[in-house]
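Structure file upload.tsv (TSV, C-alpha atoms and all ligand atoms) follows.
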chain	number	residue	atom	x	y	z
L	1	MET	CA	125.62	151.33	162.12
L	2	SER	CA	124.00	148.33	163.83
L	3	SER	CA	124.46	144.98	162.18
L	4	ALA	CA	123.50	141.34	162.43
L	5	ILE	CA	126.26	138.73	162.70
L	6	LEU	CA	125.99	135.83	160.29
L	7	LYS	CA	126.43	132.62	162.21
L	8	ARG	CA	128.81	130.48	160.13
L	9	THR	CA	131.27	133.11	158.91
L	10	GLY	CA	130.84	135.77	161.59
L	11	GLN	CA	130.39	138.34	158.83
L	12	LYS	CA	128.60	141.54	159.84
L	13	MET	CA	125.45	142.35	157.89
L	14	PRO	CA	124.41	146.01	158.24
L	15	LEU	CA	120.79	146.33	159.40
L	16	VAL	CA	120.14	149.07	156.85
L	17	GLY	CA	121.06	148.36	153.25
L	18	PHE	CA	120.00	149.55	149.83
L	19	GLY	CA	117.64	147.65	147.49
L	20	LEU	CA	118.21	147.81	143.76
L	21	TRP	CA	114.86	146.68	142.36
L	22	LYS	CA	113.49	149.42	140.08
L	23	VAL	CA	116.56	151.59	140.52
L	24	THR	CA	116.58	153.29	137.13
L	25	ARG	CA	119.18	151.71	134.91
L	26	SER	CA	120.45	154.93	133.34
L	27	THR	CA	121.15	156.49	136.74
L	28	CYS	CA	121.91	153.30	138.69
L	29	ALA	CA	125.72	153.77	138.73
L	30	ASP	CA	125.31	157.29	140.17
L	31	THR	CA	122.68	156.11	142.66
L	32	VAL	CA	124.96	153.35	143.96
L	33	TYR	CA	127.92	155.75	144.10
L	34	ASN	CA	125.85	158.32	146.03
L	35	ALA	CA	124.51	155.63	148.34
L	36	ILE	CA	128.05	154.56	149.21
L	37	LYS	CA	129.01	158.20	149.72
L	38	ALA	CA	126.03	158.61	152.07
L	39	GLY	CA	127.21	155.61	154.09
L	40	TYR	CA	125.40	152.54	152.69
L	41	ARG	CA	127.54	149.43	152.85
L	42	LEU	CA	125.05	146.74	151.82
L	43	PHE	CA	123.49	146.42	148.37
L	44	ASP	CA	120.79	143.97	147.44
L	45	GLY	CA	120.61	143.16	143.74
L	46	ALA	CA	119.22	140.44	141.52
L	47	GLY	CA	119.49	139.16	137.99
L	48	ASP	CA	115.90	140.16	137.36
L	49	TYR	CA	116.47	143.81	138.26
L	50	GLY	CA	118.31	144.41	134.99
L	51	ASN	CA	120.85	146.84	136.48
L	52	GLU	CA	123.71	144.62	137.67
L	53	LYS	CA	126.33	146.05	135.34
L	54	GLU	CA	125.42	149.64	136.21
L	55	ALA	CA	125.34	148.90	139.96
L	56	GLY	CA	128.80	147.34	139.62
L	57	GLU	CA	130.03	150.49	137.85
L	58	GLY	CA	128.88	152.58	140.82
L	59	VAL	CA	130.75	150.27	143.21
L	60	ARG	CA	133.94	150.34	141.14
L	61	ARG	CA	133.89	154.14	140.92
L	62	ALA	CA	133.45	154.40	144.69
L	63	LEU	CA	136.34	151.98	145.27
L	64	LYS	CA	138.54	153.89	142.83
L	65	ASP	CA	137.74	157.23	144.50
L	66	GLY	CA	138.62	155.73	147.89
L	67	LEU	CA	135.11	156.23	149.36
L	68	VAL	CA	135.18	152.70	150.70
L	69	LYS	CA	137.27	149.52	150.75
L	70	ARG	CA	135.94	146.36	149.15
L	71	ASN	CA	135.92	144.49	152.45
L	72	GLU	CA	133.67	147.16	153.95
L	73	LEU	CA	130.98	146.47	151.37
L	74	CYS	CA	128.40	143.73	151.60
L	75	ASN	CA	127.09	142.57	148.28
L	76	HIS	CA	123.93	140.52	148.40
L	77	HIS	CA	122.58	138.86	145.36
L	78	LEU	CA	119.45	137.04	144.47
L	79	TRP	CA	119.40	134.75	141.58
L	80	ASN	CA	116.16	133.52	140.46
L	81	THR	CA	115.00	130.81	138.30
L	82	TYR	CA	117.44	128.15	137.16
L	83	HIS	CA	117.84	125.59	139.84
L	84	ALA	CA	119.82	122.83	138.10
L	85	ARG	CA	123.32	122.27	139.49
L	86	GLU	CA	125.14	123.38	136.31
L	87	HIS	CA	123.00	126.51	135.92
L	88	VAL	CA	123.50	127.73	139.49
L	89	LYS	CA	127.24	128.14	138.97
L	90	LYS	CA	126.94	129.44	135.42
L	91	LEU	CA	124.52	132.19	136.43
L	92	ALA	CA	126.44	133.11	139.60
L	93	LYS	CA	129.63	133.58	137.55
L	94	LEU	CA	127.80	135.61	134.93
L	95	GLN	CA	126.40	137.85	137.64
L	96	LEU	CA	129.80	138.31	139.28
L	97	ASP	CA	131.17	139.34	135.88
L	98	LEU	CA	128.35	141.85	135.41
L	99	TRP	CA	129.06	143.36	138.83
L	100	GLY	CA	132.80	143.22	138.16
L	101	ILE	CA	133.56	141.74	141.57
L	102	GLU	CA	135.28	138.53	142.64
L	103	GLN	CA	132.85	137.21	145.26
L	104	PHE	CA	129.31	137.73	146.53
L	105	ASP	CA	129.10	138.29	150.27
L	106	LEU	CA	125.71	136.63	150.20
L	107	PHE	CA	123.98	134.71	147.45
L	108	LEU	CA	120.30	133.80	147.86
L	109	ILE	CA	117.86	131.53	146.11
L	110	HIS	CA	115.35	134.16	145.05
L	111	PHE	CA	112.25	131.96	145.08
L	112	PRO	CA	111.67	128.25	145.71
L	113	VAL	CA	110.60	128.05	142.10
L	114	SER	CA	112.45	126.09	139.43
L	115	LEU	CA	111.88	127.21	135.85
L	116	GLU	CA	113.01	125.87	132.50
L	117	TYR	CA	116.41	127.26	131.51
L	118	VAL	CA	116.73	130.23	129.16
L	119	ASP	CA	120.31	130.77	128.02
L	120	PRO	CA	121.51	134.26	129.04
L	121	ASN	CA	123.04	134.70	125.58
L	122	HIS	CA	119.55	134.33	124.22
L	123	ARG	CA	117.74	136.60	126.70
L	124	TYR	CA	118.80	138.23	129.96
L	125	PRO	CA	117.27	138.87	132.38
L	126	PRO	CA	114.70	136.25	131.51
L	127	GLU	CA	112.28	137.05	134.34
L	128	TRP	CA	109.64	134.34	134.74
L	129	PHE	CA	108.88	133.56	131.13
L	130	GLY	CA	109.83	131.49	128.11
L	131	ASP	CA	109.94	133.02	124.65
L	132	ASP	CA	106.20	132.39	124.30
L	133	GLY	CA	105.50	134.64	127.30
L	134	LYS	CA	104.39	131.66	129.38
L	135	VAL	CA	105.80	130.19	132.60
L	136	HIS	CA	107.55	126.82	132.08
L	137	LEU	CA	108.19	124.94	135.29
L	138	GLY	CA	111.45	123.07	135.84
L	139	LYS	CA	111.70	119.85	137.82
L	140	ILE	CA	114.70	120.44	140.04
L	141	PRO	CA	114.28	119.59	143.73
L	142	MET	CA	115.51	122.06	146.34
L	143	GLN	CA	118.18	119.62	147.59
L	144	GLU	CA	120.06	119.72	144.26
L	145	THR	CA	119.87	123.51	144.21
L	146	TRP	CA	121.05	123.91	147.79
L	147	GLN	CA	123.97	121.55	147.22
L	148	ALA	CA	124.95	123.61	144.17
L	149	MET	CA	124.80	126.72	146.35
L	150	GLU	CA	127.15	125.02	148.82
L	151	GLU	CA	129.60	124.41	145.99
L	152	LEU	CA	129.61	128.18	145.38
L	153	VAL	CA	130.88	128.56	148.95
L	154	ASP	CA	133.49	125.80	148.47
L	155	GLU	CA	134.76	127.57	145.36
L	156	GLY	CA	134.77	131.06	146.87
L	157	ILE	CA	132.08	132.41	144.54
L	158	ALA	CA	129.85	133.24	147.51
L	159	LYS	CA	130.87	133.78	151.11
L	160	ASN	CA	127.41	133.17	152.56
L	161	ILE	CA	124.31	131.55	151.11
L	162	GLY	CA	120.66	131.85	151.97
L	163	LEU	CA	117.03	131.73	150.98
L	164	SER	CA	114.30	134.13	150.01
L	165	ASN	CA	110.53	133.73	149.86
L	166	CYS	CA	110.69	130.37	151.64
L	167	GLN	CA	108.31	129.32	154.38
L	168	GLY	CA	108.96	127.00	157.33
L	169	SER	CA	108.57	123.63	155.64
L	170	ILE	CA	111.21	124.36	152.97
L	171	ILE	CA	113.62	125.91	155.48
L	172	LEU	CA	113.33	122.88	157.75
L	173	ASP	CA	113.89	120.57	154.80
L	174	VAL	CA	117.06	122.44	153.75
L	175	MET	CA	118.35	122.20	157.34
L	176	ARG	CA	118.14	118.38	157.12
L	177	TYR	CA	120.73	118.03	154.38
L	178	ALA	CA	122.67	121.30	154.56
L	179	ARG	CA	126.45	121.15	154.93
L	180	TYR	CA	126.23	124.95	155.18
L	181	GLU	CA	123.00	126.09	156.77
L	182	PRO	CA	121.19	129.12	155.33
L	183	GLN	CA	122.67	132.27	156.83
L	184	VAL	CA	119.96	134.69	155.79
L	185	LEU	CA	116.27	134.55	154.93
L	186	GLN	CA	114.86	137.45	152.92
L	187	ILE	CA	111.09	137.88	153.13
L	188	GLU	CA	108.34	140.34	152.42
L	189	HIS	CA	107.84	141.99	155.78
L	190	HIS	CA	105.96	145.13	156.81
L	191	PRO	CA	103.24	145.96	159.34
L	192	TYR	CA	100.54	144.38	157.15
L	193	LEU	CA	102.59	141.15	156.89
L	194	THR	CA	104.56	140.60	160.09
L	195	GLN	CA	104.97	136.82	159.57
L	196	GLN	CA	105.73	136.40	163.29
L	197	PRO	CA	105.85	132.55	163.27
L	198	LEU	CA	108.34	132.62	160.39
L	199	VAL	CA	110.40	135.34	162.08
L	200	ASP	CA	110.43	133.27	165.30
L	201	LEU	CA	111.52	130.14	163.41
L	202	ALA	CA	114.37	131.98	161.68
L	203	LYS	CA	115.56	133.37	165.02
L	204	LEU	CA	115.40	129.90	166.58
L	205	LEU	CA	117.51	128.51	163.74
L	206	ASN	CA	120.01	131.40	163.92
L	207	ILE	CA	119.11	132.58	160.42
L	208	ALA	CA	119.41	136.36	160.01
L	209	LEU	CA	116.37	138.06	158.53
L	210	THR	CA	116.11	140.71	155.87
L	211	ALA	CA	112.81	142.45	155.13
L	212	TYR	CA	111.84	143.57	151.67
L	213	SER	CA	109.01	145.96	150.79
L	214	SER	CA	109.23	147.61	154.21
L	215	PHE	CA	106.78	150.33	153.10
L	216	GLY	CA	104.21	147.79	151.94
L	217	SER	CA	105.46	147.62	148.36
L	218	GLN	CA	104.99	151.09	146.92
L	219	SER	CA	105.92	149.59	143.55
L	220	TYR	CA	102.84	147.38	143.55
L	221	LEU	CA	100.62	150.24	144.71
L	222	GLU	CA	102.00	152.41	141.89
L	223	LEU	CA	101.00	149.65	139.47
L	224	GLY	CA	97.42	149.99	140.74
L	225	PHE	CA	97.65	146.72	142.67
L	226	LYS	CA	95.47	146.38	145.84
L	227	LYS	CA	93.85	149.79	145.32
L	228	ASP	CA	91.60	149.45	148.36
L	229	VAL	CA	94.53	149.21	150.79
L	230	THR	CA	95.60	152.22	152.90
L	231	ASN	CA	99.15	153.08	151.91
L	232	LEU	CA	101.33	152.35	154.96
L	233	LEU	CA	103.18	155.62	154.36
L	234	GLU	CA	99.82	157.36	155.01
L	235	HIS	CA	98.42	155.13	157.73
L	236	ASN	CA	97.36	157.22	160.76
L	237	VAL	CA	98.86	154.77	163.28
L	238	VAL	CA	102.28	155.26	161.69
L	239	THR	CA	101.93	158.94	160.79
L	240	SER	CA	100.93	159.83	164.37
L	241	ILE	CA	103.98	158.04	165.78
L	242	ALA	CA	106.18	159.78	163.19
L	243	GLN	CA	104.77	163.19	164.15
L	244	ALA	CA	105.27	162.55	167.85
L	245	ARG	CA	108.86	161.42	167.27
L	246	LYS	CA	109.63	164.17	164.71
L	247	LYS	CA	110.74	161.48	162.25
L	248	THR	CA	109.42	160.62	158.82
L	249	VAL	CA	106.88	157.83	158.33
L	250	ALA	CA	109.43	155.90	156.28
L	251	GLN	CA	111.95	156.11	159.13
L	252	VAL	CA	109.38	154.80	161.61
L	253	LEU	CA	108.53	151.84	159.35
L	254	LEU	CA	112.19	150.97	158.91
L	255	ARG	CA	113.01	151.39	162.60
L	256	TRP	CA	110.04	149.18	163.54
L	257	ALA	CA	111.83	146.36	161.68
L	258	THR	CA	115.46	147.03	162.67
L	259	GLN	CA	114.60	147.44	166.34
L	260	ARG	CA	113.26	143.89	166.20
L	261	GLY	CA	116.56	142.72	164.68
L	262	ILE	CA	115.33	142.51	161.08
L	263	ALA	CA	117.51	144.13	158.41
L	264	VAL	CA	115.91	146.42	155.82
L	265	ILE	CA	116.88	147.23	152.23
L	266	PRO	CA	114.78	150.25	151.15
L	267	LYS	CA	115.10	151.31	147.55
L	268	THR	CA	114.89	154.88	146.36
L	269	ASN	CA	115.76	156.81	143.23
L	270	ASN	CA	115.75	160.00	145.29
L	271	GLU	CA	118.93	161.37	146.87
L	272	GLY	CA	117.20	162.98	149.85
L	273	ARG	CA	115.23	159.85	150.72
L	274	LEU	CA	118.40	157.81	150.38
L	275	VAL	CA	119.91	159.70	153.34
L	276	GLU	CA	116.61	159.78	155.23
L	277	ASN	CA	116.28	155.99	155.05
L	278	LEU	CA	119.85	155.39	156.18
L	279	GLN	CA	119.27	157.58	159.24
L	280	CYS	CA	116.37	155.43	160.43
L	281	ASP	CA	118.30	153.88	163.29
L	282	THR	CA	119.13	157.11	165.10
L	283	PHE	CA	116.12	156.80	167.43
L	284	ASP	CA	114.17	154.13	169.32
L	285	LEU	CA	110.47	153.36	169.33
L	286	SER	CA	108.82	152.39	172.61
L	287	GLU	CA	107.49	148.87	173.19
L	288	SER	CA	103.92	150.17	172.92
L	289	GLU	CA	104.64	151.99	169.62
L	290	ILE	CA	106.15	148.79	168.22
L	291	LYS	CA	103.07	146.85	169.33
L	292	LYS	CA	100.66	149.41	167.83
L	293	ILE	CA	102.43	149.09	164.47
L	294	SER	CA	102.62	145.28	164.67
L	295	ASP	CA	98.89	145.18	165.39
L	296	LEU	CA	98.27	146.42	161.83
L	297	ASN	CA	99.12	142.89	160.65
L	298	ASN	CA	96.37	141.51	158.44
L	299	GLY	CA	98.35	138.98	156.40
L	300	LEU	CA	98.40	141.19	153.29
L	301	ARG	CA	101.05	140.02	150.84
L	302	PHE	CA	101.93	142.09	147.78
L	303	ASN	CA	104.64	139.98	146.16
L	304	ASN	CA	103.17	136.59	145.29
L	305	PRO	CA	104.19	134.59	142.20
L	306	PHE	CA	100.70	133.08	142.32
L	307	GLU	CA	99.59	136.30	140.59
L	308	ILE	CA	101.86	135.40	137.66
L	309	ASP	CA	100.75	131.79	137.41
L	310	PRO	CA	98.54	129.82	139.85
L	311	ARG	CA	101.01	126.90	139.68
L	312	LEU	CA	103.46	129.16	141.55
L	313	ALA	CA	101.35	129.31	144.74
L	314	ILE	CA	104.38	128.98	147.02
L	315	PHE	CA	102.62	130.72	149.92
L	316	ALA	CA	99.42	128.62	149.70
L	401	LIG	N1	113.40	138.78	147.57
L	401	LIG	C1	112.45	139.28	146.81
L	401	LIG	O1	111.67	138.56	146.21
L	401	LIG	C2	112.30	140.77	146.73
L	401	LIG	C3	111.08	141.30	146.29
L	401	LIG	C4	110.94	142.70	146.26
L	401	LIG	C5	111.98	143.51	146.63
L	401	LIG	N2	113.18	142.95	147.04
L	401	LIG	C6	114.31	143.80	147.44
L	401	LIG	O2	113.88	144.69	148.45
L	401	LIG	C7	114.12	146.04	148.07
L	401	LIG	C8	113.06	146.93	148.67
L	401	LIG	O3	111.76	146.48	148.36
L	401	LIG	P1	110.73	147.34	147.49
L	401	LIG	O4	111.45	148.03	146.39
L	401	LIG	O5	109.58	146.48	147.20
L	401	LIG	O6	110.13	148.36	148.47
L	401	LIG	P2	110.57	149.51	149.39
L	401	LIG	O7	112.00	149.77	149.42
L	401	LIG	O8	109.85	149.14	150.64
L	401	LIG	O9	109.86	150.73	148.73
L	401	LIG	C9	110.36	151.39	147.61
L	401	LIG	C10	109.38	152.50	147.24
L	401	LIG	O10	109.25	153.43	148.31
L	401	LIG	C11	109.62	154.74	147.87
L	401	LIG	N3	110.44	155.32	148.93
L	401	LIG	C12	111.70	154.98	149.28
L	401	LIG	N4	112.10	155.69	150.34
L	401	LIG	C13	111.07	156.51	150.68
L	401	LIG	C14	110.88	157.49	151.68
L	401	LIG	N5	111.83	157.76	152.57
L	401	LIG	N6	109.69	158.13	151.74
L	401	LIG	C15	108.71	157.86	150.84
L	401	LIG	N7	108.83	156.94	149.87
L	401	LIG	C16	110.00	156.27	149.78
L	401	LIG	C17	110.38	154.55	146.59
L	401	LIG	O11	110.15	155.61	145.69
L	401	LIG	P3	111.36	156.56	145.18
L	401	LIG	O12	112.33	155.69	144.44
L	401	LIG	O13	110.66	157.54	144.30
L	401	LIG	O14	111.95	157.17	146.42
L	401	LIG	C18	109.76	153.26	146.03
L	401	LIG	O15	108.57	153.58	145.34
L	401	LIG	C19	114.14	145.98	146.54
L	401	LIG	O16	114.78	147.08	145.97
L	401	LIG	C20	114.87	144.67	146.32
L	401	LIG	O17	116.27	144.85	146.45
L	401	LIG	C21	113.34	141.60	147.10
What would the structure in this file look like if it were written as structure tokens?
Ligand SMILES: NC(=O)c1ccc[n+]([C@@H]2O[C@H](COP(=O)([O-])OP(=O)(O)OC[C@H]3O[C@@H](n4cnc5c(N)ncnc54)[C@H](OP(=O)(O)O)[C@@H]3O)[C@@H](O)[C@H]2O)c1
Amino acid sequence: MSSAILKRTGQKMPLVGFGLWKVTRSTCADTVYNAIKAGYRLFDGAGDYGNEKEAGEGVRRALKDGLVKRNELCNHHLWNTYHAREHVKKLAKLQLDLWGIEQFDLFLIHFPVSLEYVDPNHRYPPEWFGDDGKVHLGKIPMQETWQAMEELVDEGIAKNIGLSNCQGSIILDVMRYARYEPQVLQIEHHPYLTQQPLVDLAKLLNIALTAYSSFGSQSYLELGFKKDVTNLLEHNVVTSIAQARKKTVAQVLLRWATQRGIAVIPKTNNEGRLVENLQCDTFDLSESEIKKISDLNNGLRFNNPFEIDPRLAIFA
């Protein structure tokens, strides 16, 4: 499978991985096991997804059954909200324990948002809220958080570190003080939100890119969010290309990203779609097909913490 090479460590990052958000907890261990069996080597999890322990069980079972060796797997993890130096390490170790592994291949700052600490013994995952159901902002600057992330590398807790949901000004700021520059940037990216200037900046800085919500966030559409938007999986520009290529619409959307060097991490609870998504890089789109899909860009963002609390307008 094609992969991106991470600059500092030379580690290979598969261009097609598996996302764990909304992977059903009760079946998560089986889903991860089946994904490994099907050939997935990269998993993208997060504290907030509430299925770390189960995902780790799936990995351990696959290792035990000899489906894969640990060094062939790429474990990516997003940790969210507690940006103070002491909390970065505490939460990273807790998450490693839940997964039952010794090191994250990649550890990302989930959002450039610092929230007041909630002890995991009290409530985990805490999501965005205090006990009163409200958002409580923390006051930790990004520099402290990034330096704590670098300590994770020094101590072998994470091999690579990176950012998610950050725009140019934060990335450039981190580059000014980084001992270890961000290796990966994970962003919402699909034909409605191509973010070309951000993609170009990341490429210029040698930061590998991972796209999330490659289908235009089906999860948000299922929640009744942005009802007036044409579902990308049904958009005639993409469906006509899929028909002509005898591929599925999902495969065309994924290939549109990977052919431009951007990794994808589709999530599915369905065994057939799991294989279908992995096979998305068995064909090439033409330049004009890529352009037609890119021309659907209209700046539509589904995942925006602003919707949770206007003080979290990180994309303003
Ligand atoms: N950094 C961040 O802030 C952030 C935010 C969001 C997501 N993520 C990561 O990115 C991953 C993917 O993002 P996502 O979950 O928003 O969206 P996604 O993977 O683009 O879409 C998932 C949805 O598409 C459906 N689906 C999957 N494969 C399909 C196929 N071949 N044909 C038709 N439908 C298909 C799934 O339903 P079924 O399960 O029924 O197949 C699910 O409803 C997440 O799991 C998570 O790891 C990161």
Selection as a ChimeraX atom specification: residues within 8 Å of ligand LIG 401 (chain L) by all atoms listed in the file: /L:18-23,43-46,78,110-111,164-165,186-188,211-220,222,233,248-251,264-270,272-274,276-277,303
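You can rank L:Gln143, L:Asn297, L:Asn51, L:Asn304 by their closest distance to Ile171 (chain L) using only C-alpha atoms, and at the top of that list sits L:Gln143.
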Could you name the residues that touch Val238 (chain L) at 12 Å or less, counting all atoms listed in the file, but leaving out those on the same chain fewer than 5 positions away, as a ChimeraX atom specification? /L:190-192,215,230-233,243-256,285,289-296
Take the selection from the previous step and output its residues with C-alpha atoms, as a JSON list (two decimals), in the frame of the given file.
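After the write, part-v4.json holds the following:
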[["chain", "number", "residue", "atom", "x", "y", "z"],
["L", 190, "HIS", "CA", 105.96, 145.13, 156.81],
["L", 191, "PRO", "CA", 103.24, 145.96, 159.34],
["L", 192, "TYR", "CA", 100.54, 144.38, 157.15],
["L", 215, "PHE", "CA", 106.78, 150.33, 153.10],
["L", 230, "THR", "CA", 95.60, 152.22, 152.90],
["L", 231, "ASN", "CA", 99.15, 153.08, 151.91],
["L", 232, "LEU", "CA", 101.33, 152.35, 154.96],
["L", 233, "LEU", "CA", 103.18, 155.62, 154.36],
["L", 243, "GLN", "CA", 104.77, 163.19, 164.15],
["L", 244, "ALA", "CA", 105.27, 162.55, 167.85],
["L", 245, "ARG", "CA", 108.86, 161.42, 167.27],
["L", 246, "LYS", "CA", 109.63, 164.17, 164.71],
["L", 247, "LYS", "CA", 110.74, 161.48, 162.25],
["L", 248, "THR", "CA", 109.42, 160.62, 158.82],
["L", 249, "VAL", "CA", 106.88, 157.83, 158.33],
["L", 250, "ALA", "CA", 109.43, 155.90, 156.28],
["L", 251, "GLN", "CA", 111.95, 156.11, 159.13],
["L", 252, "VAL", "CA", 109.38, 154.80, 161.61],
["L", 253, "LEU", "CA", 108.53, 151.84, 159.35],
["L", 254, "LEU", "CA", 112.19, 150.97, 158.91],
["L", 255, "ARG", "CA", 113.01, 151.39, 162.60],
["L", 256, "TRP", "CA", 110.04, 149.18, 163.54],
["L", 285, "LEU", "CA", 110.47, 153.36, 169.33],
["L", 289, "GLU", "CA", 104.64, 151.99, 169.62],
["L", 290, "ILE", "CA", 106.15, 148.79, 168.22],
["L", 291, "LYS", "CA", 103.07, 146.85, 169.33],
["L", 292, "LYS", "CA", 100.66, 149.41, 167.83],
["L", 293, "ILE", "CA", 102.43, 149.09, 164.47],
["L", 294, "SER", "CA", 102.62, 145.28, 164.67],
["L", 295, "ASP", "CA", 98.89, 145.18, 165.39],
["L", 296, "LEU", "CA", 98.27, 146.42, 161.83]]
Using all atoms listed in the file, the residue out of L:Met149, L:Ile36, L:Leu209, L:Ala4 with shortest distance to Ala55 (chain L) is L:Ile36
CA of Ile101 (chain L) and CA of Lys7 (chain L) are how many Å apart?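 CA of Lys7 (chain L) lies 23.7 Å from CA of Ile101 (chain L).
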Near Val113 (chain L), within 10 Å and counting only C-alpha atoms, which residues show up once chain neighbours fewer than 4 positions away are dropped, as an NGL selection string? :L and (80-83 or 109 or 128 or 137-142 or 165-166 or 305 or 311-314)
Take every atom of region 20-36 of chain L listed in the file, pad by 6 Å on each side, and give me the axis-aligned box centre and edge lengths in Å, one decimal, as lines of an AutoDock Vina configuration file.
center_x = 120.8
center_y = 152.5
center_z = 141.3
size_x = 26.6
size_y = 23.6
size_z = 27.9
Atomic separation - CA of Gly224 (chain L) relative to CA of Asp309 (chain L), Å: 18.8 Å
Nearest residue to Ala62 (chain L) from the set L:Gly39, L:Gly299, L:Gly10, L:Gly47 (distances using only C-alpha atoms):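 Residue with the minimum atom-to-atom distance to Ala62 (chain L): L:Gly39.
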Pick from L:Lys134, L:His122, L:Lys93, L:His76, whichever lies nearest to Leu185 (chain L) using all atoms listed in the file: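 Counting all atoms listed in the file, the residue closest to Leu185 (chain L) is L:His76.
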Of the candidates L:Gln147, L:Asn121, L:Ser114, L:Gln279, which one gets nearest to Gly17 (chain L) if we count only C-alpha atoms?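 Going through L:Gln147, L:Asn121, L:Ser114, L:Gln279 one by one, the smallest distance to Gly17 (chain L) is for L:Gln279.
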Here is a test: counting all atoms listed in the file, which residue of L:Val68, L:Ala316, L:Cys28, L:Val153 is nearest to Leu108 (chain L)? L:Val153
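You will find CA of Ala208 (chain L) at 15.2 Å from CA of His77 (chain L).
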Using only C-alpha atoms, which protein or nucleic acid residues come within 9 Å of His87 (chain L)? Drop anything in the same chain fewer than 5 positions from it, and give the result as JSON, numbers by chain. {"L": [82, 92, 117, 148]}
Residues proximal to (130.1, 156.4, 143.2) were defined as those with any atom within 9 Å of that point in the file's coordinates, counting only C-alpha atoms. Which are they, as an MDAnalysis selection string? chainID L and resid 29:37 57:65 67
What's around Ala202 (chain L) at 10 Å? Count only C-alpha atoms, leave out sequence neighbours fewer than 4 positions away in its own chain, and write the answer as number ranges by chain. L: 167-168, 171-172, 182-185, 196-198, 206-209
Output the selection as an mmCIF file, in the frame of the given file - C-alpha atoms for each residue.
data_model
loop_
_atom_site.group_PDB
_atom_site.id
_atom_site.type_symbol
_atom_site.label_atom_id
_atom_site.label_comp_id
_atom_site.auth_asym_id
_atom_site.auth_seq_id
_atom_site.Cartn_x
_atom_site.Cartn_y
_atom_site.Cartn_z
ATOM 1 C CA GLN L 167 108.310 129.320 154.380
ATOM 2 C CA GLY L 168 108.960 127.000 157.330
ATOM 3 C CA ILE L 171 113.620 125.910 155.480
ATOM 4 C CA LEU L 172 113.330 122.880 157.750
ATOM 5 C CA PRO L 182 121.190 129.120 155.330
ATOM 6 C CA GLN L 183 122.670 132.270 156.830
ATOM 7 C CA VAL L 184 119.960 134.690 155.790
ATOM 8 C CA LEU L 185 116.270 134.550 154.930
ATOM 9 C CA GLN L 196 105.730 136.400 163.290
ATOM 10 C CA PRO L 197 105.850 132.550 163.270
ATOM 11 C CA LEU L 198 108.340 132.620 160.390
ATOM 12 C CA ASN L 206 120.010 131.400 163.920
ATOM 13 C CA ILE L 207 119.110 132.580 160.420
ATOM 14 C CA ALA L 208 119.410 136.360 160.010
ATOM 15 C CA LEU L 209 116.370 138.060 158.530
#
